>>> print(open('final-v4.cif').read())   # mmCIF, C-alpha atoms and all ligand atoms
data_work
#
loop_
_atom_site.label_atom_id
_atom_site.label_comp_id
_atom_site.auth_asym_id
_atom_site.auth_seq_id
_atom_site.Cartn_x
_atom_site.Cartn_y
_atom_site.Cartn_z
CA MET A 1 -2.47 13.31 -29.26
CA GLY A 2 -1.57 11.20 -26.29
CA ILE A 3 -3.09 7.85 -25.48
CA TYR A 4 -5.41 9.37 -22.86
CA GLU A 5 -6.43 12.42 -24.91
CA ASP A 6 -7.27 10.02 -27.71
CA LEU A 7 -9.86 8.51 -25.38
CA GLY A 8 -11.24 11.91 -24.49
CA LEU A 9 -9.51 11.95 -21.10
CA ARG A 10 -7.22 14.49 -19.52
CA PRO A 11 -3.94 13.32 -17.97
CA VAL A 12 -3.50 14.52 -14.40
CA ILE A 13 -0.57 15.96 -12.46
CA ASN A 14 -0.76 13.88 -9.32
CA GLY A 15 0.35 15.80 -6.24
CA TYR A 16 -2.11 13.81 -4.13
CA ALA A 17 -0.42 10.50 -3.29
CA THR A 18 0.12 7.00 -4.69
CA VAL A 19 -3.64 6.50 -4.79
CA THR A 20 -5.03 3.78 -7.00
CA ARG A 21 -7.80 5.97 -8.42
CA LEU A 22 -5.20 8.24 -10.11
CA GLY A 23 -2.95 5.42 -11.28
CA GLY A 24 -0.78 4.60 -8.26
CA SER A 25 2.68 5.64 -9.38
CA LEU A 26 4.70 6.03 -12.57
CA MET A 27 7.11 3.27 -13.57
CA PRO A 28 10.78 4.19 -14.05
CA PRO A 29 12.44 3.09 -17.35
CA PRO A 30 14.01 -0.17 -16.01
CA VAL A 31 10.53 -1.42 -15.03
CA VAL A 32 8.99 -0.54 -18.39
CA GLU A 33 11.92 -2.15 -20.23
CA ALA A 34 11.60 -5.36 -18.19
CA MET A 35 7.90 -5.56 -19.04
CA ILE A 36 8.54 -5.04 -22.74
CA GLU A 37 11.26 -7.69 -22.77
CA ALA A 38 9.02 -10.14 -20.90
CA SER A 39 6.29 -9.58 -23.48
CA ARG A 40 8.43 -10.96 -26.32
CA GLN A 41 8.68 -14.67 -25.37
CA PHE A 42 6.62 -17.42 -23.80
CA VAL A 43 7.67 -18.96 -20.53
CA GLU A 44 6.23 -21.42 -17.98
CA LEU A 45 4.34 -19.03 -15.71
CA GLU A 46 4.61 -20.98 -12.44
CA ASP A 47 8.38 -21.36 -12.89
CA LEU A 48 8.65 -17.62 -13.58
CA GLN A 49 6.62 -16.79 -10.45
CA ALA A 50 8.93 -19.06 -8.39
CA ALA A 51 12.15 -17.63 -9.88
CA VAL A 52 10.98 -14.02 -9.47
CA GLY A 53 9.91 -14.86 -5.91
CA ARG A 54 13.35 -16.26 -5.05
CA ARG A 55 15.06 -13.14 -6.39
CA ILE A 56 12.67 -10.76 -4.60
CA ALA A 57 13.08 -12.73 -1.36
CA GLU A 58 16.85 -12.25 -1.57
CA LEU A 59 16.59 -8.55 -2.38
CA THR A 60 14.15 -7.94 0.48
CA ARG A 61 15.93 -10.23 3.00
CA ASN A 62 12.94 -12.51 3.35
CA GLU A 63 12.60 -16.29 3.35
CA ALA A 64 10.23 -16.27 0.38
CA ALA A 65 8.16 -13.96 -1.81
CA TYR A 66 5.10 -14.08 -4.06
CA VAL A 67 3.96 -11.47 -6.58
CA SER A 68 0.20 -10.90 -6.41
CA SER A 69 -2.05 -8.76 -8.62
CA GLY A 70 -1.96 -5.88 -6.11
CA ALA A 71 -1.75 -5.68 -2.34
CA ALA A 72 -5.48 -6.37 -1.98
CA ALA A 73 -5.10 -9.64 -3.89
CA GLY A 74 -2.10 -10.32 -1.65
CA LEU A 75 -4.41 -10.02 1.37
CA THR A 76 -6.84 -12.50 -0.18
CA LEU A 77 -4.15 -15.03 -1.01
CA ALA A 78 -2.35 -14.60 2.31
CA THR A 79 -5.63 -15.28 4.10
CA ALA A 80 -6.35 -18.28 1.89
CA ALA A 81 -2.84 -19.56 2.64
CA CYS A 82 -3.42 -19.30 6.40
CA VAL A 83 -6.85 -20.95 6.18
CA ALA A 84 -6.17 -23.75 3.70
CA GLY A 85 -2.41 -24.10 3.35
CA THR A 86 -1.81 -26.57 0.51
CA ASP A 87 -4.58 -28.97 1.58
CA PRO A 88 -6.67 -29.83 -1.53
CA GLU A 89 -9.91 -30.38 0.42
CA MET A 90 -9.61 -27.03 2.22
CA ILE A 91 -8.60 -25.21 -0.97
CA ALA A 92 -11.64 -26.60 -2.78
CA ALA A 93 -13.92 -25.53 0.10
CA LEU A 94 -13.04 -21.83 -0.21
CA PRO A 95 -14.79 -19.39 0.05
CA HIS A 96 -16.75 -21.55 2.52
CA PRO A 97 -14.09 -22.82 4.94
CA GLN A 98 -16.76 -23.53 7.57
CA LYS A 99 -17.89 -26.53 5.48
CA VAL A 100 -14.80 -28.43 6.54
CA PRO A 101 -15.14 -29.65 10.14
CA GLY A 102 -12.40 -28.28 12.38
CA ALA A 103 -11.26 -25.70 9.82
CA ARG A 104 -9.55 -22.54 10.99
CA CYS A 105 -11.95 -19.94 9.66
CA GLU A 106 -11.59 -16.87 11.88
CA VAL A 107 -9.36 -13.84 11.39
CA ILE A 108 -8.79 -11.49 14.32
CA PHE A 109 -8.02 -7.82 13.92
CA GLN A 110 -8.07 -4.62 15.95
CA ARG A 111 -11.14 -2.43 15.52
CA CYS A 112 -9.01 0.74 15.42
CA GLN A 113 -7.27 -0.61 12.30
CA ARG A 114 -10.46 -1.34 10.38
CA SER A 115 -10.12 -0.33 6.74
CA GLY A 116 -12.04 -1.02 3.56
CA TYR A 117 -9.28 -3.41 2.56
CA ASP A 118 -10.56 -6.05 4.95
CA TYR A 119 -13.01 -6.90 2.16
CA ALA A 120 -10.08 -8.66 0.49
CA VAL A 121 -9.74 -10.85 3.59
CA ARG A 122 -13.48 -11.48 4.03
CA GLN A 123 -13.62 -12.65 0.42
CA VAL A 124 -12.04 -15.93 1.56
CA GLY A 125 -15.17 -16.58 3.64
CA VAL A 126 -13.57 -16.15 7.04
CA ASP A 127 -15.35 -14.68 10.06
CA MET A 128 -13.81 -11.41 11.18
CA ILE A 129 -13.31 -11.15 14.93
CA GLU A 130 -12.90 -7.53 16.02
CA ILE A 131 -11.07 -6.67 19.22
CA GLY A 132 -10.13 -3.46 21.04
CA PRO A 133 -11.62 0.04 20.98
CA GLU A 134 -12.42 2.18 17.91
CA ALA A 135 -9.52 4.49 18.69
CA SER A 136 -6.68 2.88 20.56
CA SER A 137 -4.10 4.55 22.78
CA PRO A 138 -1.26 2.98 24.80
CA ALA A 139 -3.44 3.11 27.92
CA ASP A 140 -5.72 0.51 26.31
CA PHE A 141 -2.94 -1.90 25.40
CA PRO A 142 -3.16 -4.20 28.46
CA ALA A 143 -6.90 -4.68 27.90
CA VAL A 144 -6.45 -5.22 24.13
CA ARG A 145 -3.69 -7.76 24.78
CA GLN A 146 -6.05 -9.67 27.08
CA GLU A 147 -8.85 -9.51 24.52
CA LEU A 148 -6.49 -10.81 21.86
CA GLU A 149 -5.43 -13.74 24.03
CA GLN A 150 -9.08 -14.62 24.70
CA ALA A 151 -10.02 -14.36 21.02
CA LEU A 152 -7.23 -16.69 19.86
CA SER A 153 -8.48 -20.26 19.56
CA GLU A 154 -8.25 -23.43 17.47
CA ARG A 155 -10.62 -21.68 15.02
CA THR A 156 -8.17 -18.80 14.41
CA ALA A 157 -6.57 -18.85 10.95
CA ALA A 158 -4.61 -15.60 11.32
CA VAL A 159 -4.33 -12.24 13.00
CA LEU A 160 -4.53 -9.34 10.55
CA TYR A 161 -2.54 -6.17 11.20
CA PHE A 162 -2.66 -2.88 9.30
CA ALA A 163 0.68 -1.08 9.56
CA ARG A 164 0.75 2.67 9.98
CA GLY A 165 3.66 5.05 10.35
CA GLU A 166 5.58 5.37 13.60
CA ASP A 167 3.76 8.51 14.70
CA HIS A 168 0.27 7.05 14.46
CA HIS A 169 -1.20 5.05 17.27
CA GLY A 170 -2.30 2.13 15.21
CA GLY A 171 -3.23 -0.16 18.08
CA LEU A 172 -1.29 -2.82 19.94
CA PRO A 173 2.29 -2.90 18.56
CA VAL A 174 3.22 -5.56 15.99
CA ALA A 175 5.69 -7.30 18.31
CA GLU A 176 3.03 -7.82 20.98
CA VAL A 177 0.47 -9.13 18.50
CA VAL A 178 3.09 -11.49 17.08
CA ALA A 179 4.04 -12.78 20.55
CA ALA A 180 0.43 -13.53 21.48
CA ALA A 181 -0.43 -15.10 18.11
CA HIS A 182 2.70 -17.22 17.91
CA ALA A 183 2.14 -18.52 21.44
CA ARG A 184 -0.98 -20.16 19.98
CA GLY A 185 0.68 -21.19 16.69
CA VAL A 186 -1.29 -18.57 14.74
CA PRO A 187 0.34 -16.59 11.89
CA VAL A 188 0.19 -12.79 11.58
CA ILE A 189 -0.63 -11.15 8.23
CA LEU A 190 0.57 -7.56 8.06
CA ASP A 191 -0.80 -5.12 5.47
CA ALA A 192 1.98 -2.62 4.73
CA ALA A 193 0.65 -1.71 1.26
CA ALA A 194 1.59 1.97 1.43
CA GLN A 195 4.52 1.67 3.86
CA LEU A 196 7.35 2.38 1.40
CA PRO A 197 9.48 4.36 2.05
CA PRO A 198 11.31 3.61 4.25
CA VAL A 199 12.94 0.78 2.28
CA GLU A 200 13.77 -1.04 5.55
CA ASN A 201 10.09 -1.90 5.93
CA LEU A 202 10.64 -4.57 3.26
CA TRP A 203 12.41 -6.61 5.95
CA ARG A 204 11.59 -4.84 9.23
CA PHE A 205 8.08 -6.26 9.73
CA THR A 206 9.09 -9.84 8.97
CA GLN A 207 12.06 -9.41 11.30
CA GLU A 208 9.57 -8.28 13.94
CA GLY A 209 7.91 -11.64 13.48
CA ALA A 210 5.05 -11.03 11.03
CA ASP A 211 4.56 -14.22 9.02
CA LEU A 212 3.32 -12.60 5.80
CA VAL A 213 3.86 -8.93 4.94
CA ILE A 214 2.08 -7.30 2.01
CA PHE A 215 3.14 -4.30 -0.08
CA SER A 216 1.55 -2.67 -3.08
CA GLY A 217 3.74 -2.92 -6.17
CA GLY A 218 2.13 0.15 -7.71
CA LYS A 219 2.62 2.63 -4.87
CA GLY A 220 6.04 3.53 -3.41
CA LEU A 221 7.77 0.71 -5.29
CA CYS A 222 6.82 2.27 -8.65
CA GLY A 223 6.24 -1.14 -10.17
CA PRO A 224 3.33 -2.16 -12.39
CA GLN A 225 0.11 -0.81 -10.85
CA ALA A 226 -1.51 -4.25 -10.85
CA THR A 227 1.15 -5.94 -8.70
CA GLY A 228 1.74 -6.54 -5.03
CA LEU A 229 4.28 -8.35 -2.88
CA VAL A 230 3.60 -11.03 -0.30
CA LEU A 231 6.79 -11.57 1.71
CA GLY A 232 7.59 -14.01 4.48
CA ARG A 233 7.37 -17.64 5.55
CA ALA A 234 8.24 -20.12 2.81
CA ASP A 235 5.44 -22.62 3.63
CA LEU A 236 2.78 -19.90 3.51
CA ILE A 237 4.20 -18.39 0.31
CA LYS A 238 4.06 -21.87 -1.21
CA ALA A 239 0.37 -22.01 -0.23
CA CYS A 240 -0.19 -18.64 -1.96
CA ALA A 241 1.36 -20.02 -5.15
CA VAL A 242 -0.67 -23.23 -5.01
CA GLN A 243 -3.89 -21.20 -4.67
CA GLY A 244 -2.85 -18.51 -7.15
CA ASN A 245 -2.98 -18.22 -10.93
CA PRO A 246 -2.73 -20.34 -13.10
CA ASN A 247 -4.07 -22.96 -10.66
CA GLN A 248 -7.84 -23.41 -10.39
CA ALA A 249 -8.33 -22.06 -6.88
CA ILE A 250 -9.48 -18.90 -5.14
CA GLY A 251 -6.61 -16.89 -6.63
CA ARG A 252 -7.24 -17.83 -10.26
CA PRO A 253 -9.06 -14.56 -11.10
CA MET A 254 -6.15 -12.56 -9.68
CA LYS A 255 -3.85 -13.12 -12.63
CA VAL A 256 -0.31 -11.81 -12.68
CA GLY A 257 1.16 -11.98 -16.17
CA LYS A 258 4.77 -12.55 -17.19
CA GLU A 259 5.11 -8.81 -17.90
CA GLU A 260 3.91 -7.85 -14.40
CA LEU A 261 6.13 -10.50 -12.78
CA CYS A 262 9.26 -9.21 -14.52
CA GLY A 263 8.22 -5.59 -14.05
CA CYS A 264 7.66 -6.10 -10.34
CA LEU A 265 11.09 -7.74 -9.92
CA ALA A 266 12.69 -4.84 -11.81
CA ALA A 267 10.88 -2.40 -9.52
CA VAL A 268 12.19 -4.11 -6.39
CA GLU A 269 15.73 -4.13 -7.84
CA TRP A 270 15.39 -0.44 -8.72
CA TYR A 271 13.88 0.48 -5.36
CA VAL A 272 16.43 -1.24 -3.09
CA GLY A 273 19.23 0.31 -5.17
CA LEU A 274 17.87 3.87 -4.92
CA ASP A 275 19.69 6.62 -3.07
CA HIS A 276 16.83 7.11 -0.62
CA ALA A 277 18.41 10.07 1.17
CA ALA A 278 18.79 11.87 -2.16
CA MET A 279 15.18 11.08 -3.00
CA THR A 280 13.96 12.53 0.31
CA ASP A 281 16.09 15.63 -0.33
CA ARG A 282 14.48 16.04 -3.73
CA PHE A 283 11.01 15.73 -2.21
CA GLU A 284 11.93 18.31 0.42
CA THR A 285 13.17 20.74 -2.21
CA GLN A 286 9.99 20.26 -4.25
CA ALA A 287 7.78 20.81 -1.19
CA ALA A 288 9.80 23.87 -0.16
CA THR A 289 9.51 25.33 -3.67
CA VAL A 290 5.72 25.15 -3.50
CA VAL A 291 5.61 26.70 -0.02
CA GLN A 292 7.98 29.49 -0.99
CA ARG A 293 6.08 30.45 -4.13
CA VAL A 294 2.54 30.12 -2.84
CA ALA A 295 2.89 31.35 0.73
CA ALA A 296 3.81 34.75 -0.72
CA CYS A 297 0.14 35.18 -1.77
CA PRO A 298 -2.05 37.08 0.71
CA GLY A 299 -4.19 34.83 2.91
CA VAL A 300 -1.96 31.77 2.44
CA THR A 301 0.30 30.16 5.03
CA GLY A 302 2.50 27.22 4.20
CA ARG A 303 5.07 24.86 5.65
CA VAL A 304 6.84 21.62 4.84
CA GLU A 305 5.52 18.81 6.99
CA MET A 306 6.28 15.19 7.87
CA PRO A 307 5.04 12.45 7.92
CA SER A 308 2.79 11.68 4.96
CA GLU A 309 -0.87 10.58 5.12
CA ALA A 310 0.18 6.96 5.59
CA GLY A 311 2.68 7.95 8.30
CA GLN A 312 5.67 7.59 6.01
CA PRO A 313 8.81 9.68 6.45
CA LEU A 314 7.95 11.78 3.39
CA PRO A 315 7.89 15.58 3.32
CA ARG A 316 4.77 17.33 1.98
CA ALA A 317 3.86 20.99 1.52
CA LEU A 318 0.88 21.97 3.67
CA LEU A 319 -0.87 25.15 2.49
CA ARG A 320 -3.68 26.81 4.44
CA PHE A 321 -6.05 29.32 2.91
CA ASP A 322 -7.94 32.09 4.67
CA ALA A 323 -11.24 32.10 2.75
CA ALA A 324 -12.15 35.60 4.04
CA VAL A 325 -8.98 37.09 2.58
CA MET A 326 -9.05 35.03 -0.63
CA GLY A 327 -12.75 35.40 -1.43
CA GLN A 328 -12.85 31.72 -2.35
CA SER A 329 -12.97 28.52 -0.37
CA ARG A 330 -10.36 25.76 -0.30
CA ASP A 331 -12.77 23.50 -2.19
CA GLN A 332 -13.24 26.11 -4.92
CA ILE A 333 -9.46 26.32 -5.28
CA MET A 334 -9.19 22.53 -5.55
CA GLU A 335 -11.98 22.43 -8.15
CA GLN A 336 -10.18 25.01 -10.31
CA LEU A 337 -6.97 23.00 -10.05
CA LYS A 338 -8.85 19.91 -11.20
CA GLN A 339 -10.66 21.63 -14.07
CA GLY A 340 -7.73 23.75 -15.23
CA GLU A 341 -5.01 23.11 -17.77
CA PRO A 342 -3.15 20.97 -16.83
CA ALA A 343 -5.47 19.09 -14.46
CA ILE A 344 -3.95 18.96 -10.98
CA GLU A 345 -5.05 16.71 -8.11
CA LEU A 346 -3.97 17.57 -4.57
CA SER A 347 -5.25 16.27 -1.23
CA PRO A 348 -7.45 18.26 1.14
CA GLU A 349 -6.53 18.71 4.80
CA GLY A 350 -9.16 19.80 7.34
CA ASP A 351 -11.45 22.62 6.18
CA ASP A 352 -8.89 25.05 4.85
CA GLY A 353 -5.74 23.12 3.90
CA ILE A 354 -4.23 21.45 0.86
CA TYR A 355 -1.30 19.04 0.81
CA VAL A 356 1.12 18.91 -2.11
CA ASN A 357 2.78 15.49 -2.04
CA PRO A 358 6.04 15.26 -4.03
CA GLN A 359 6.11 11.44 -3.97
CA THR A 360 4.10 11.25 -7.18
CA LEU A 361 5.48 14.39 -8.86
CA MET A 362 7.93 14.42 -11.71
CA GLU A 363 10.76 16.93 -11.41
CA GLY A 364 9.49 20.37 -12.37
CA GLU A 365 5.81 19.61 -11.74
CA GLU A 366 6.08 21.38 -8.37
CA VAL A 367 6.69 24.60 -10.33
CA VAL A 368 3.66 23.94 -12.56
CA ILE A 369 1.51 23.44 -9.44
CA ALA A 370 2.90 26.53 -7.70
CA ASP A 371 2.38 28.71 -10.80
CA ARG A 372 -1.16 27.46 -11.26
CA LEU A 373 -1.96 28.09 -7.59
CA ALA A 374 -0.53 31.60 -7.80
CA GLU A 375 -2.68 32.21 -10.88
CA ILE A 376 -5.86 30.97 -9.14
CA LEU A 377 -5.06 33.01 -6.02
CA GLY A 378 -4.51 36.13 -8.10
C1 LIG B 1 -3.47 0.68 -1.29
C2 LIG B 1 -3.72 -0.23 -0.16
C3 LIG B 1 -4.12 -1.56 -0.39
C4 LIG B 1 -4.41 -2.10 -1.77
O1 LIG B 1 -3.29 -2.08 -2.60
P1 LIG B 1 -3.45 -2.45 -4.15
O2 LIG B 1 -2.04 -2.70 -4.59
O3 LIG B 1 -4.08 -1.26 -4.79
O4 LIG B 1 -4.29 -3.66 -4.25
C5 LIG B 1 -4.30 -2.37 0.71
N1 LIG B 1 -4.10 -1.91 1.96
C6 LIG B 1 -3.71 -0.65 2.22
C7 LIG B 1 -3.50 -0.22 3.63
C8 LIG B 1 -3.51 0.24 1.16
O5 LIG B 1 -3.12 1.49 1.42
#
>>> encode(input="final-v4.cif", output="structure tokens", more="lines below")
Ligand SMILES: *Cc1c(COP(=O)(O)O)cnc(C)c1O
Amino acid sequence: MGIYEDLGLRPVINGYATVTRLGGSLMPPPVVEAMIEASRQFVELEDLQAAVGRRIAELTRNEAAYVSSGAAAGLTLATAACVAGTDPEMIAALPHPQKVPGARCEVIFQRCQRSGYDYAVRQVGVDMIEIGPEASSPADFPAVRQELEQALSERTAAVLYFARGEDHHGGLPVAEVVAAAHARGVPVILDAAAQLPPVENLWRFTQEGADLVIFSGGKGLCGPQATGLVLGRADLIKACAVQGNPNQAIGRPMKVGKEELCGCLAAVEWYVGLDHAAMTDRFETQAATVVQRVAACPGVTGRVEMPSEAGQPLPRALLRFDAAVMGQSRDQIMEQLKQGEPAIELSPEGDDGIYVNPQTLMEGEEVVIADRLAEILG
């Protein structure tokens, strides 16, 4: 019996995405080995965090780096760094920065980028200042730029930006937000949690001027699920470390252990050394295999599609089902996949589509999914 079966749970084939609820991603052997090795000896944790940070900064072409307990914790610490820096009085005031007269306690962001992850920012006690329309298009940019300039003030701690893929209109471009913020001496925090691949994003956003850029360690990087990266300006990274574990500050509950620190570094080393073109080719082959096998069933159409749900340059198989021909709905098909043996999780698209995402598939699992689909579809 496996470790999950032993607990009465069924392991899942994840053709959905690097979603946290299914376990993010699977760690390659070098990451697991680094974690095991780190577990065998004691070490001064703050020194380890600093040394790992220096190495990750080099590998990702950034000034400095901090390993957080996930991208969401990275957002909290990055915000705390922008609000309080390394000032003991400010640090002690969090999560009530308003108690300190003259404190910078506002974070500006674009309404069209609103996501549940802003909770991690609000946790610091900042006031969120929303600008721009719900859905932004280039025609709105001049007005949004003006709104941004008006919102920036001596109360602004940071501008928060959620990165999307190239093809998505995610609001005013990063470079323009950076220019406006920097003109007022305000840093930009960029949430790029799910923006790997492409590997270049590890340095592209900071090169575009973002002051702190955040990635999930447990998504595309295939590091420990409970890690994240904060990359960027050395003074702000220092402030993250001062407010992070093991220090008694807002980041103390967001512990990153020696195993996660070493595992995260190993994941970055592994990831920057990958043959990314070969990986994309493998994903394309896996997606094409699914399409080829399943689209032969009556009532099914399929194609390989880019980009992924987060706008990444990742191929996925998109299957559409004609319920009238099949005699069963898309949701019924997904339910059977979930309840069957093995359990398979895929992502829905519209009313009649299913995506098969190779990013979280092991080699050969695309065949298991295709066979199971063919079985369900008769
Ligand atoms: C997944 C995600 C996060 C949170 O990442 P964790 O590593 O799970 O904490 C934050 N922001 C965005 C946009 C994400 O997709």
>>> closest_residue(input="final-v4.cif", among="A:Gln207, A:Ser25, A:Gln195, A:Gln243", to="Asp87 in chain A", atoms="only C-alpha atoms")
A:Gln243
>>> atom_distance(input="final-v4.cif", atom1="CA of Gly244 in chain A", atom2="CA of Leu77 in chain A")
7.2 Å
>>> atom_distance(input="final-v4.cif", atom1="CA of Val291 in chain A", atom2="CA of Val304 in chain A")
7.1 Å
>>> residues_around(input="final-v4.cif", residues="Ile237 in chain A", least_positions_apart="5", cutoff="10 Å", atoms="only C-alpha atoms", output="short mmCIF file (atom, residue, chain, number, x, y, z; two decimals) with C-alpha atoms, in the coordinates of the input")
data_model
loop_
_atom_site.label_atom_id
_atom_site.label_comp_id
_atom_site.auth_asym_id
_atom_site.auth_seq_id
_atom_site.Cartn_x
_atom_site.Cartn_y
_atom_site.Cartn_z
CA ALA A 50 8.93 -19.06 -8.39
CA GLY A 53 9.91 -14.86 -5.91
CA GLU A 63 12.60 -16.29 3.35
CA ALA A 64 10.23 -16.27 0.38
CA ALA A 65 8.16 -13.96 -1.81
CA TYR A 66 5.10 -14.08 -4.06
CA VAL A 67 3.96 -11.47 -6.58
CA LEU A 77 -4.15 -15.03 -1.01
CA ALA A 78 -2.35 -14.60 2.31
CA ALA A 81 -2.84 -19.56 2.64
CA CYS A 82 -3.42 -19.30 6.40
CA GLY A 85 -2.41 -24.10 3.35
CA ASP A 211 4.56 -14.22 9.02
CA LEU A 212 3.32 -12.60 5.80
CA VAL A 230 3.60 -11.03 -0.30
CA LEU A 231 6.79 -11.57 1.71
CA GLY A 232 7.59 -14.01 4.48
CA VAL A 242 -0.67 -23.23 -5.01
CA GLN A 243 -3.89 -21.20 -4.67
#
>>> residues_near_ligand(input="final-v4.cif", ligand="ligand LIG 1 (chain B)", cutoff="9 Å", atoms="all atoms listed in the file", output="PyMOL selection string")
chain A and resi 18-21+24+68-75+115-118+120+162-164+191-195+214-219+225-229+310
>>> closest_residue(input="final-v4.cif", among="A:Leu373, A:Pro142, A:Gln110, A:Ala324", to="Glu341 in chain A", atoms="all atoms listed in the file")
A:Leu373
>>> closest_residue(input="final-v4.cif", among="A:Ala135, A:Ile376, A:Gly327, A:Gln286", to="Met362 in chain A", atoms="all atoms listed in the file")
A:Gln286
>>> closest_residue(input="final-v4.cif", among="A:Glu269, A:Gly23, A:Ser137, A:Ala278", to="Glu58 in chain A", atoms="all atoms listed in the file")
A:Glu269
>>> residues_around(input="final-v4.cif", residues="Leu346 in chain A", least_positions_apart="3", cutoff="10 Å", atoms="all atoms listed in the file", output="ChimeraX atom specification")
/A:13-17,334,337-338,349,354-357,369
>>> atom_distance(input="final-v4.cif", atom1="CA of Glu106 in chain A", atom2="CA of Asn201 in chain A")
27.0 Å
>>> closest_residue(input="final-v4.cif", among="A:Leu221, A:Val199, A:Ala296, A:Ala249", to="Arg61 in chain A", atoms="all atoms listed in the file")
A:Val199
>>> residues_around(input="final-v4.cif", residues="Gly125 in chain A", least_positions_apart="6", cutoff="7 Å", atoms="all atoms listed in the file", output="compact mmCIF listing (two decimals) with C-alpha atoms, in the frame of the given file")
# COMPACT_ATOMS: atom_id res chain seq x y z
CA LEU A 94 -13.04 -21.83 -0.21
CA PRO A 95 -14.79 -19.39 0.05
CA HIS A 96 -16.75 -21.55 2.52
CA PRO A 97 -14.09 -22.82 4.94
>>> residues_around(input="final-v4.cif", residues="range 143-152 of chain A", least_positions_apart="5", cutoff="7 Å", atoms="all atoms listed in the file", output="list in words")
Ile131, Gly132 and Ala180 of chain A
>>> residues_near_point(input="final-v4.cif", point="(5.5, -8.3, -16.0)", cutoff="8 Å", atoms="only C-alpha atoms", output="VMD selection string")
chain A and resid 34 to 35 38 to 39 224 256 to 264
>>> residues_around(input="final-v4.cif", residues="Arg330 in chain A", least_positions_apart="5", cutoff="7 Å", atoms="only C-alpha atoms", output="compact mmCIF listing (two decimals) with C-alpha atoms, keeping the file's coordinate frame")
# COMPACT_ATOMS: atom_id res chain seq x y z
CA PHE A 321 -6.05 29.32 2.91
CA ASP A 352 -8.89 25.05 4.85
CA GLY A 353 -5.74 23.12 3.90
>>> residues_near_point(input="final-v4.cif", point="(1.4, 30.7, -2.4)", cutoff="10 Å", atoms="all atoms listed in the file", output="JSON, numbers by chain")
{"A": [289, 290, 291, 292, 293, 294, 295, 296, 297, 298, 299, 300, 301, 302, 319, 320, 321, 370, 371, 372, 373, 374, 375, 376, 377, 378]}
>>> closest_residue(input="final-v4.cif", among="A:Asp275, A:Asp322, A:Ala266, A:Ala84", to="Asp235 in chain A", atoms="all atoms listed in the file")
A:Ala84
